[in-house]
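All remarks here apply to the structure that follows.
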Amino acid sequence: MTSAALPRWRRRKQARPGEIIAAALAVFSEKGFAGARLEDIAARAGISKGALYLYFATKEDLFHAVVAEAFAPNLAAVRQAAEGFDGAFADLARFLVPRLARIAADAGIGGVLKMVIGESRNFPTLAKVWHDALVSPALATVAGLIERAQSKGEVKPGDARIYALGLIAPVVAPAFDLDAIARQHVETALAGMLEAAR
């Protein structure tokens, strides 16, 4: 049976986790983790609080789902495109950093990142989930790409993880024009990283 042929109530039930995650993302961005109430998230999703509990037992579970469903798939898609890139590292960096900035802006990462930074002392799990699901894989991917470029003589010797951190750090910082900052930053970082053409 196709989704178009399913009864309306059944299609709605299948869509609910996504609707709840979208509502949680909005409420977390607006109110922070401590200020977000499950009642607010349920109301934003158009369901009862009891119905929310059928899908997520705690606010922490909801935060895990927001990171896993709203942000991680975008990062995975960029990683796949970057790892398949067959050109100069400078061109890859010029593609990669602004693309990450666009994803950060479009996915609403800024509001959630502010929440993670601001509330991680009281809720250390937030920072751990954020780091393990997003920061660590992003750094590992970019560091691997830099190591590959170093082996080709495109990037100066040095700690690839530190280069990676310097290259993508501005992407996760909230800004008014993240795209412009990303483009300028990548040129500055590349000037310090790239080997002179021989």
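The chains in the structure tokens are called A, B, ... from first to last as shown; in each chain the residues are counted from 1, and the ligands are counted from 1 in the order shown.
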| request: Would you mind listing what lies within 12 Å of Pro17 in chain A as JSON, numbers by chain, with only C-alpha atoms counted and same-chain residues fewer than 2 positions away left out? | output: {"A": [11, 12, 13, 14, 15, 19, 20, 21, 22, 23, 24, 41, 42, 45, 46, 47, 51, 52, 53, 54, 55, 56, 61, 62, 65, 66, 69, 70]}
Which residues are near Ala107 in chain A? Cut-off 10 Å, only C-alpha atoms, ignore same chain within fewer than 4 positions. Put them as an mmCIF file with N, CA, C and O atoms, in the first residue's frame.
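This went into out_31.cif:
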```cif
data_model
loop_
_atom_site.group_PDB
_atom_site.id
_atom_site.type_symbol
_atom_site.label_atom_id
_atom_site.label_comp_id
_atom_site.auth_asym_id
_atom_site.auth_seq_id
_atom_site.Cartn_x
_atom_site.Cartn_y
_atom_site.Cartn_z
ATOM 1 N N LEU A 25 12.796 21.481 17.805
ATOM 2 C CA LEU A 25 13.854 22.368 17.302
ATOM 3 C C LEU A 25 13.447 23.828 17.473
ATOM 4 O O LEU A 25 14.224 24.646 17.975
ATOM 5 N N ALA A 70 17.566 16.322 12.486
ATOM 6 C CA ALA A 70 17.550 17.640 11.840
ATOM 7 C C ALA A 70 18.924 18.074 11.345
ATOM 8 O O ALA A 70 19.019 18.813 10.372
ATOM 9 N N PHE A 71 19.994 17.629 12.003
ATOM 10 C CA PHE A 71 21.326 18.128 11.663
ATOM 11 C C PHE A 71 22.257 17.076 11.070
ATOM 12 O O PHE A 71 22.923 17.312 10.082
ATOM 13 N N ASN A 74 22.316 16.184 7.206
ATOM 14 C CA ASN A 74 22.924 17.224 6.363
ATOM 15 C C ASN A 74 24.441 17.101 6.368
ATOM 16 O O ASN A 74 25.091 17.227 5.328
ATOM 17 N N ALA A 101 28.193 26.389 6.089
ATOM 18 C CA ALA A 101 27.576 27.608 6.621
ATOM 19 C C ALA A 101 26.112 27.710 6.204
ATOM 20 O O ALA A 101 25.246 28.070 7.012
ATOM 21 N N ARG A 102 25.821 27.380 4.944
ATOM 22 C CA ARG A 102 24.444 27.428 4.459
ATOM 23 C C ARG A 102 23.571 26.418 5.200
ATOM 24 O O ARG A 102 22.443 26.718 5.577
ATOM 25 N N ILE A 103 24.103 25.222 5.390
ATOM 26 C CA ILE A 103 23.348 24.200 6.123
ATOM 27 C C ILE A 103 23.091 24.659 7.552
ATOM 28 O O ILE A 103 21.990 24.505 8.078
ATOM 29 N N GLY A 111 20.444 28.773 16.749
ATOM 30 C CA GLY A 111 19.665 28.831 17.985
ATOM 31 C C GLY A 111 19.953 27.663 18.901
ATOM 32 O O GLY A 111 20.066 27.824 20.122
ATOM 33 N N VAL A 112 20.101 26.475 18.330
ATOM 34 C CA VAL A 112 20.383 25.289 19.147
ATOM 35 C C VAL A 112 21.813 25.343 19.680
ATOM 36 O O VAL A 112 22.077 24.976 20.825
#
```
Contact table range 23-139 of chain A vs range 179-195 of chain A, cut-off 9 Å, shortest pair per residue, only C-alpha atoms, as a Markdown table:
```
| residue | atom | partner | partner_atom | distance |
| --- | --- | --- | --- | --- |
| A:Phe89 | CA | A:Leu194 | CA | 8.6 |
| A:Ala90 | CA | A:Leu190 | CA | 6.8 |
| A:Ala93 | CA | A:Val186 | CA | 6.8 |
| A:Arg94 | CA | A:Val186 | CA | 6.5 |
| A:Val97 | CA | A:Ala182 | CA | 6.0 |
| A:Pro98 | CA | A:Ala182 | CA | 5.3 |
| A:Arg99 | CA | A:Asp179 | CA | 8.3 |
| A:Leu100 | CA | A:Ala182 | CA | 8.7 |
| A:Ala101 | CA | A:Asp179 | CA | 5.7 |
| A:Arg102 | CA | A:Asp179 | CA | 6.4 |
| A:Ala105 | CA | A:Asp179 | CA | 8.6 |
```
Could you dump the residues just selected with N, CA, C and O atoms as a PDB file, in the first residue's frame?
```
ATOM      1  N   PHE A  89      42.574  20.812  -3.238  1.00  0.00           N
ATOM      2  CA  PHE A  89      42.050  21.033  -1.895  1.00  0.00           C
ATOM      3  C   PHE A  89      41.469  22.436  -1.746  1.00  0.00           C
ATOM      4  O   PHE A  89      40.438  22.616  -1.105  1.00  0.00           O
ATOM      5  N   ALA A  90      42.111  23.435  -2.336  1.00  0.00           N
ATOM      6  CA  ALA A  90      41.609  24.809  -2.224  1.00  0.00           C
ATOM      7  C   ALA A  90      40.191  24.906  -2.791  1.00  0.00           C
ATOM      8  O   ALA A  90      39.319  25.552  -2.200  1.00  0.00           O
ATOM      9  N   ALA A  93      37.826  23.208  -0.299  1.00  0.00           N
ATOM     10  CA  ALA A  93      37.573  24.059   0.873  1.00  0.00           C
ATOM     11  C   ALA A  93      36.615  25.183   0.527  1.00  0.00           C
ATOM     12  O   ALA A  93      35.716  25.515   1.305  1.00  0.00           O
ATOM     13  N   ARG A  94      36.781  25.768  -0.664  1.00  0.00           N
ATOM     14  CA  ARG A  94      35.887  26.855  -1.101  1.00  0.00           C
ATOM     15  C   ARG A  94      34.455  26.360  -1.319  1.00  0.00           C
ATOM     16  O   ARG A  94      33.517  27.133  -1.210  1.00  0.00           O
ATOM     17  N   VAL A  97      33.269  24.829   3.043  1.00  0.00           N
ATOM     18  CA  VAL A  97      32.996  25.723   4.181  1.00  0.00           C
ATOM     19  C   VAL A  97      31.725  26.547   3.957  1.00  0.00           C
ATOM     20  O   VAL A  97      30.856  26.581   4.836  1.00  0.00           O
ATOM     21  N   PRO A  98      31.553  27.196   2.800  1.00  0.00           N
ATOM     22  CA  PRO A  98      30.279  27.912   2.598  1.00  0.00           C
ATOM     23  C   PRO A  98      29.059  26.989   2.604  1.00  0.00           C
ATOM     24  O   PRO A  98      27.990  27.357   3.065  1.00  0.00           O
ATOM     25  N   ARG A  99      29.235  25.763   2.115  1.00  0.00           N
ATOM     26  CA  ARG A  99      28.118  24.801   2.124  1.00  0.00           C
ATOM     27  C   ARG A  99      27.726  24.460   3.561  1.00  0.00           C
ATOM     28  O   ARG A  99      26.543  24.409   3.901  1.00  0.00           O
ATOM     29  N   LEU A 100      28.725  24.229   4.414  1.00  0.00           N
ATOM     30  CA  LEU A 100      28.432  23.984   5.829  1.00  0.00           C
ATOM     31  C   LEU A 100      27.753  25.188   6.461  1.00  0.00           C
ATOM     32  O   LEU A 100      26.838  25.043   7.273  1.00  0.00           O
ATOM     33  N   ALA A 101      28.193  26.389   6.089  1.00  0.00           N
ATOM     34  CA  ALA A 101      27.576  27.608   6.621  1.00  0.00           C
ATOM     35  C   ALA A 101      26.112  27.710   6.204  1.00  0.00           C
ATOM     36  O   ALA A 101      25.246  28.070   7.012  1.00  0.00           O
ATOM     37  N   ARG A 102      25.821  27.380   4.944  1.00  0.00           N
ATOM     38  CA  ARG A 102      24.444  27.428   4.459  1.00  0.00           C
ATOM     39  C   ARG A 102      23.571  26.418   5.200  1.00  0.00           C
ATOM     40  O   ARG A 102      22.443  26.718   5.577  1.00  0.00           O
ATOM     41  N   ALA A 105      22.829  27.673   8.679  1.00  0.00           N
ATOM     42  CA  ALA A 105      21.815  28.725   8.681  1.00  0.00           C
ATOM     43  C   ALA A 105      20.436  28.158   8.372  1.00  0.00           C
ATOM     44  O   ALA A 105      19.456  28.468   9.066  1.00  0.00           O
TER      45      ALA A 105
END
```
| request: Run DSSP on the backbone and grab whatever in range 56-91 of chain A lands in alpha helix (DSSP H); send it over as JSON, numbers by chain. | output: {"A": [59, 60, 61, 62, 63, 64, 65, 72, 73, 74, 75, 76, 77, 78, 79, 80, 81, 82, 83, 89, 90, 91]}
Quick one: which range 81-129 of chain A residues come within 12 Å of range 137-156 of chain A, and what is the nearest atom pair for each with the distance in Å to one decimal, counting only C-alpha atoms, rows ordered by chain and ascending number, as a Markdown table?
```
| residue | atom | partner | partner_atom | distance |
| --- | --- | --- | --- | --- |
| A:Ala81 | CA | A:Thr141 | CA | 11.1 |
| A:Ala82 | CA | A:Leu145 | CA | 8.1 |
| A:Glu83 | CA | A:Leu145 | CA | 7.3 |
| A:Gly84 | CA | A:Leu145 | CA | 10.3 |
| A:Phe85 | CA | A:Leu145 | CA | 9.8 |
| A:Asp86 | CA | A:Ala149 | CA | 11.1 |
| A:Gly87 | CA | A:Ala149 | CA | 10.1 |
| A:Ala88 | CA | A:Glu154 | CA | 7.8 |
| A:Phe89 | CA | A:Ala149 | CA | 6.1 |
| A:Ala90 | CA | A:Glu154 | CA | 8.4 |
| A:Asp91 | CA | A:Glu154 | CA | 11.3 |
| A:Leu92 | CA | A:Leu145 | CA | 9.0 |
| A:Ala93 | CA | A:Val142 | CA | 9.0 |
| A:Leu96 | CA | A:Val142 | CA | 9.1 |
| A:Val97 | CA | A:Val142 | CA | 9.9 |
| A:Leu100 | CA | A:Ala138 | CA | 9.7 |
| A:Val129 | CA | A:Pro137 | CA | 11.8 |
```
